[in-house]
Structure formats: C-alpha cells, structure tokens
Amino acid sequence: MSDKVQKGILNKLLLRTQHKSRLWAALVALCVGSTMLLVSVLIWWNFQELLYGNNQNESIASTYLIVGKKVTDQNMGMANATVFTPAEIDELKHAPQVQDVGVISANHFPVYASMGGKLAFATDMPLECVPDKFIDNMPDAWKWEPGNPNLPIIVSSQFLDIYNYVFAPSQGLPQLSQSSVKNIALNLEVGSDAGKERVTAHVVGFSDRIGSVLAPKSFIDYGNQKFGRPGSTDAVSQLIIKAKDPSDLKFTSYLKSHDYSTNSENLRWSRIRSVVEVVTSATGLLALLLLGIGTLVFILFIELTIAHARSSLTLLLEIGYSPAFLSSFMISRFMPMVIVTILLSMGLTCAVQVAASVAIKSEGLSLAALPGWPVWAALAINLLMLVALISRSIRRAISK
Amino acid sequence: MVLSLQGLIPVPLREKVMAGKSSIWNNSCVFRQGESVFVQAPSGTGKTTLIHILYGIRTDYEGSVKWEEKTLNIIPADALATLRKSDISVIFQDLRLFPELTTLENLEAKRRLTNSVSEPQVLEWLARLGIREKAHSLGRTLSYGEQQRVAIIRALLQPFSWLLMDEPFSHLDKANTARAIELITEVVQQRNAGMILADLDENNFFPYSQTVML
C-alpha cells in the first residue's frame, strides 16, 4: 500500500461525514466575500487612477478653478486692487490641495471682431490666454507667430450654448453645431488706429474649463507688447488653479481668508467626488464584513466536519498518529479548495476590470485592462489571512 | 526503556486505593525493559485505568508515571504520539477498531505509520491467527474474537519497547489464545521488549518475571 492508500483511509475516517451541499454553501460564501473585497479594492483603485493617476483622465482627475480677487464696494475703482502680486501667486502654489497655478493673461490692446453675411455682427472682443497645460481638449493647430494672418481661438462652450438656446431662437437665427462654428471666419482688427493689424480668427476648439475666448499666448504677448499700455501688461488679475480636492475645508478656508473668489459649482462637483469616495470606503467595509462571514462559515464547516469525525480522530491519536500529522492532512485537504475559491474570485475581479475598461472608453476615459497592484496585494493578504486562520482552526479543533 | 511509577493514585478510585493495599497504587515501582509483568487485578481495582494511565490516555491521577525520563502528564501531544508510535504499544480491552474500515485497512492505518512490518508479513500473521479470509471484512462485521485477533496484530505492527495488554485473550478460545500467545512472544522477543499484562485471574499465558497485585 502506498501513502495514497493511507490518505484514502484517513479520508474515509475523517471526511466521510462531509456534506457536499454544506461544503458548496461554505465555498460560495467564501467566494462571494472574497470577490466583494477584491472588487471594492478594484473600485477604489480605479477611482484613484481616474482621479489622480492617469493623464488621459485629466478632465476628472482634478478640478480647475478660475480664481480672482473679490471686487467689493471698498476696492472697486482702486488701481491694482484686484491684481495678484508674484508673492501671492507663489503662496497660492503652496496652498492646501493646490497642484498647479497658471496665470491668465488678458489682452491690454483693442480687439475689434466683425463678420459679414447672415450672421453679421461687430463687437469689441476680450481675449485671454493660459499656459497650454491648462487647456482641456487641446487642438492640433494651437499656435500663432507674428505675421501669420490666421489666428486660432478657443471659445467657451457656454458661449455656443447661449447662442443656440437663448440668442438664436429669439432672433430667428439658425442654430449652429460645433463643427459649423469651426468653419466660420471672424475678422479681427487689432491695435489702435495708427498701427492697426488685421487677422482672420478661426474657432479651433471649445473649452468646458475656461469661460472666455482664448488665443495663443504668443498672440496675446505680441499684442500686449506692441499695442498695450506701458506697465499694464504685467498685471495679473485672474489665475487658473489645478486643485486635487477643492471641497477640502482647508482650501476653501484659504480662499475665504484671502478674499479670493471662484466658481462655487466646481466646489460642489468636488463634494460629489468626496461622497463617491465615502461610498467606496463603505463598500470596502461591507466587503470586509462579508468576507468575515464567509470565512467564519467555512471555518465552522471545517470544525463541524472534525467534530463529526471525533471518535475516529481520537482513535487515530491513540494508535500513534500525532496531532501535527493529522492537522497537516486536514489542511492539505481543505487548503486547495480555499486557494481555488480565492483564485476564482480573482478571476471574477479581473473580468469585472476588463468589462469596466471597455465600458468606460465610451465616456472618453481609460482604465487598465487588468487590476492594479493594490488588488493583487489584497488578494495576497486575503489568501495569507485565510490560510493562517483555517490552519489555526484545524490545529485547534484536532488538539481539543 | 524503564517505567517508573511514583505515588500513583487515580482520582476516581482515591478512596478505594487509600483503603486497600496495592503493589502499584500509591507505591513506588520500577519496571525494566525486557521484563514480563503480570498485573493481577480483581474486578473494580482499576486494571483498565492503570493501562490507560500508562498509555497516556487518562490524566486524572496523582503521582507520576515516567517512561525513561518522560513524565507522561506533562509530555507535549506530539511527543506522546512519538512515544506511542515507537516505544509503547497496546492491546485495549475494548479492542477499539475502526468499524467502517476493513480488517486490512485497520491494520494498514497502523502499519503505515512506521512501515516496520511488511504487508506480506501482516497477511501471514492474519493467516496464523486464522482470520486471513476476514482481511476485507468491515470491522463492524467481525465477531469479538476476530476483532480481538485484529487488535493483537495491530499492536505488533510498530517498533516498541513495551507491550501493554488489557485482558488480551478475553474473547478467544484456548486454541486461538495459544496461537496469539505464540505470535506475541515471537515479536516481543524479536524486539527485546517488555510486557505488562493486566487480567482478572492468575494465568500462565507468558513466563512472567514478576506478578504484582493491583
């Protein structure tokens, strides 16, 4: 007879009362608990990746705020009262939650826009520029050099909404799509009467982040240098801030204490994000609870199996089998089931990740096709914890 | 391996032991390897209790039991298992076979622990004790006499320095008893082991080196 036969004898003696339905129920409980835990870690990790990890997900990774100094009854009309000093800009860079700060430069020279045809209009036009890294939906043709007669501009998508939903219906004008607006040419007259220059502006993109009309920085710098009033071009009255979590009380307190104003809608979105984080954490806690219950059910099943085999176990110990040997035997019988169950739950978690990465593409975001290291770490910890708990339970039950 | 008993008093029999006179209970005894000891024990004097105490199954006693330097009631569980596997073997009065296993499986469960006896040897011993044809019968279907012969063979399937026997032939007729005695004597001599046999009445199963009254 071989060791296989000895194991067969021990199987008969110790595992004969093992009810298959109970075993399956225990394994399913373990699998559900483990999968919930891994998926909750997966959700948390994906959320972190979307918010903070992946450049392709910049639009939701951080919140961009336009910050200015409040215009009050006391400071209105005062020269430079709402201008940021270099020290203030530097201080803001180190404020809580602030990841980056960009200067918004405005034109300090006259710009006059006009267009003929059915949509004929003529107006003075304010232009702004921000560092390129703060532009969402960066267009390919975003550059301008002196002498170039064509000027790319980016328009706030709110402008088009106002035109399409407010202005056009009231004036009996046709509504315009984004692509049709990109085909329109605007005539711009830049500068004072003496040295006026003309360029043709083309809308090359729309921004959800900036609420004005953007031109390349090279154009604003050129115009300010050539046509601007001396000294006025250095004044910075608006900043764009990239903030990790603007709903953070420390950040909002900072803005309030410095009398800075910003778009409160962005703060609300960040609060929603915080709520999602709380929900994710709550899911994790629930998953831990489920895993605990699953583990408990499985351990109780093992203890019940051992209790049913108590008389055989006692006799085996009496004829010379050691508790260590019998514990090893029982562990070798139950551990493969646990490992396969946990690997199955990891497989399910991988399937969830693949499905999530495919589904989220339609939202213009990206996720890795496989779970990240925190999920694998959770798997390893989960497995080690289960192996330790189950081994200990078996040893205790046999030594009783 | 020397067996030393010192002031041994089983707690449930305390009053009886203190009232009577025994060579073992509440006494000092030393048994040396190779000795054949007959413990004569009338009913109710604690014969089975003594065998169970010596084998480490019962711990409800005062005093000490030492196998060489190992004190039984403080020995770790795995060390006790080693002692039972390699040094002390036992034939229980109540036989203690696994009813759901066949004769051969009952014996293999023990033999596989040490592999000190070959499988053909087991089959030969079964034949010598007249139960070869019961090799594949379940333990629960064997008669007491057959179970007792299986229990005897099982006790011999390991290396040992001492063989403890509690009324080992109580279910056997004279012929089967003689065959069992012959087998036990042969194996005990091969292993140069000692034996302690506890029984109710005086007997000549083995040439005892000493007889003690319980």
# chains A, B, ... in the order shown; residues from 1 in each chain; ligands from 1
>>> interface_residues(of="chain B", to="chain A", cutoff="7 Å", atoms="only C-alpha atoms", output="MDAnalysis selection string")
chainID B and resid 77:78 81:82 84:85 105 109:110 112
>>> write_last_selection(atoms="N, CA and C atoms", output="CSV table (one decimal), in the first residue's frame")
chain,number,residue,atom,x,y,z
B,77,ALA,N,1.8,16.8,23.2
B,77,ALA,CA,1.0,15.9,22.4
B,77,ALA,C,1.7,15.2,21.3
B,78,ASP,N,2.6,15.9,20.6
B,78,ASP,CA,3.3,15.3,19.5
B,78,ASP,C,4.4,14.3,20.0
B,81,ALA,N,2.7,11.2,20.9
B,81,ALA,CA,2.4,10.4,19.7
B,81,ALA,C,3.6,9.6,19.3
B,82,THR,N,4.8,10.3,19.4
B,82,THR,CA,6.0,9.6,19.1
B,82,THR,C,6.3,8.4,20.0
B,84,ARG,N,4.0,6.6,21.5
B,84,ARG,CA,3.0,5.6,21.2
B,84,ARG,C,3.4,4.9,19.8
B,85,LYS,N,4.0,5.7,19.0
B,85,LYS,CA,4.3,5.1,17.7
B,85,LYS,C,5.6,4.3,17.7
B,105,GLU,N,-7.5,-2.6,6.2
B,105,GLU,CA,-7.4,-1.1,6.4
B,105,GLU,C,-7.1,-0.7,7.9
B,109,ALA,N,-3.7,1.2,8.6
B,109,ALA,CA,-3.7,2.5,9.3
B,109,ALA,C,-2.6,2.6,10.3
B,110,LYS,N,-2.3,1.5,11.0
B,110,LYS,CA,-1.3,1.5,12.0
B,110,LYS,C,0.1,1.2,11.3
B,112,ARG,N,1.2,1.8,8.3
B,112,ARG,CA,1.8,2.9,7.5
B,112,ARG,C,2.5,3.9,8.3
>>> residues_around(residues="Ser4 of chain B", least_positions_apart="6", cutoff="9 Å", atoms="only C-alpha atoms", output="list in words")
Ser28, Cys29, Val30, Phe31, Arg32, Ser64, Val65, Lys66, Trp67 and Glu68 of chain B
>>> write_last_selection(atoms="C-alpha atoms", output="mmCIF file, in the first residue's frame")
data_model
loop_
_atom_site.group_PDB
_atom_site.id
_atom_site.type_symbol
_atom_site.label_atom_id
_atom_site.label_comp_id
_atom_site.auth_asym_id
_atom_site.auth_seq_id
_atom_site.Cartn_x
_atom_site.Cartn_y
_atom_site.Cartn_z
ATOM 1 C CA SER B 28 6.884 3.178 44.037
ATOM 2 C CA CYS B 29 7.589 0.711 41.231
ATOM 3 C CA VAL B 30 10.276 0.396 38.598
ATOM 4 C CA PHE B 31 9.938 -1.964 35.624
ATOM 5 C CA ARG B 32 12.911 -2.553 33.356
ATOM 6 C CA SER B 64 3.899 10.411 38.376
ATOM 7 C CA VAL B 65 4.402 7.989 35.518
ATOM 8 C CA LYS B 66 7.760 8.149 33.777
ATOM 9 C CA TRP B 67 8.780 6.333 30.623
ATOM 10 C CA GLU B 68 12.552 6.738 30.880
#
>>> residues_around(residues="Val188 of chain B", least_positions_apart="2", cutoff="9 Å", atoms="only C-alpha atoms", output="ChimeraX atom specification")
/B:34,156,160-163,183-186,190-195
>>> select_by_dssp(residues="segment 146-176 of chain B", states="helix (DSSP H, G or I)", output="compact mmCIF listing (two decimals) with C-alpha atoms, in the first residue's frame")
# COMPACT_ATOMS: atom_id res chain seq x y z
CA GLU B 146 -11.98 -11.85 15.34
CA GLN B 147 -11.76 -8.22 16.43
CA GLN B 148 -9.50 -9.23 19.30
CA ARG B 149 -7.14 -11.06 16.98
CA VAL B 150 -7.04 -7.99 14.66
CA ALA B 151 -6.32 -5.80 17.69
CA ILE B 152 -3.45 -8.11 18.70
CA ILE B 153 -1.89 -7.99 15.24
CA ARG B 154 -2.34 -4.20 15.10
CA ALA B 155 -0.41 -3.83 18.37
CA LYS B 174 -7.80 -21.93 24.03
CA ALA B 175 -6.50 -22.76 20.56
CA ASN B 176 -6.67 -19.18 19.33
>>> select_by_dssp(residues="segment 12-211 of chain B", states="strand (DSSP E)", output="number ranges by chain")
B: 28-31, 36-40, 61-67, 70-71, 88-91, 162-166, 194-199, 210-211
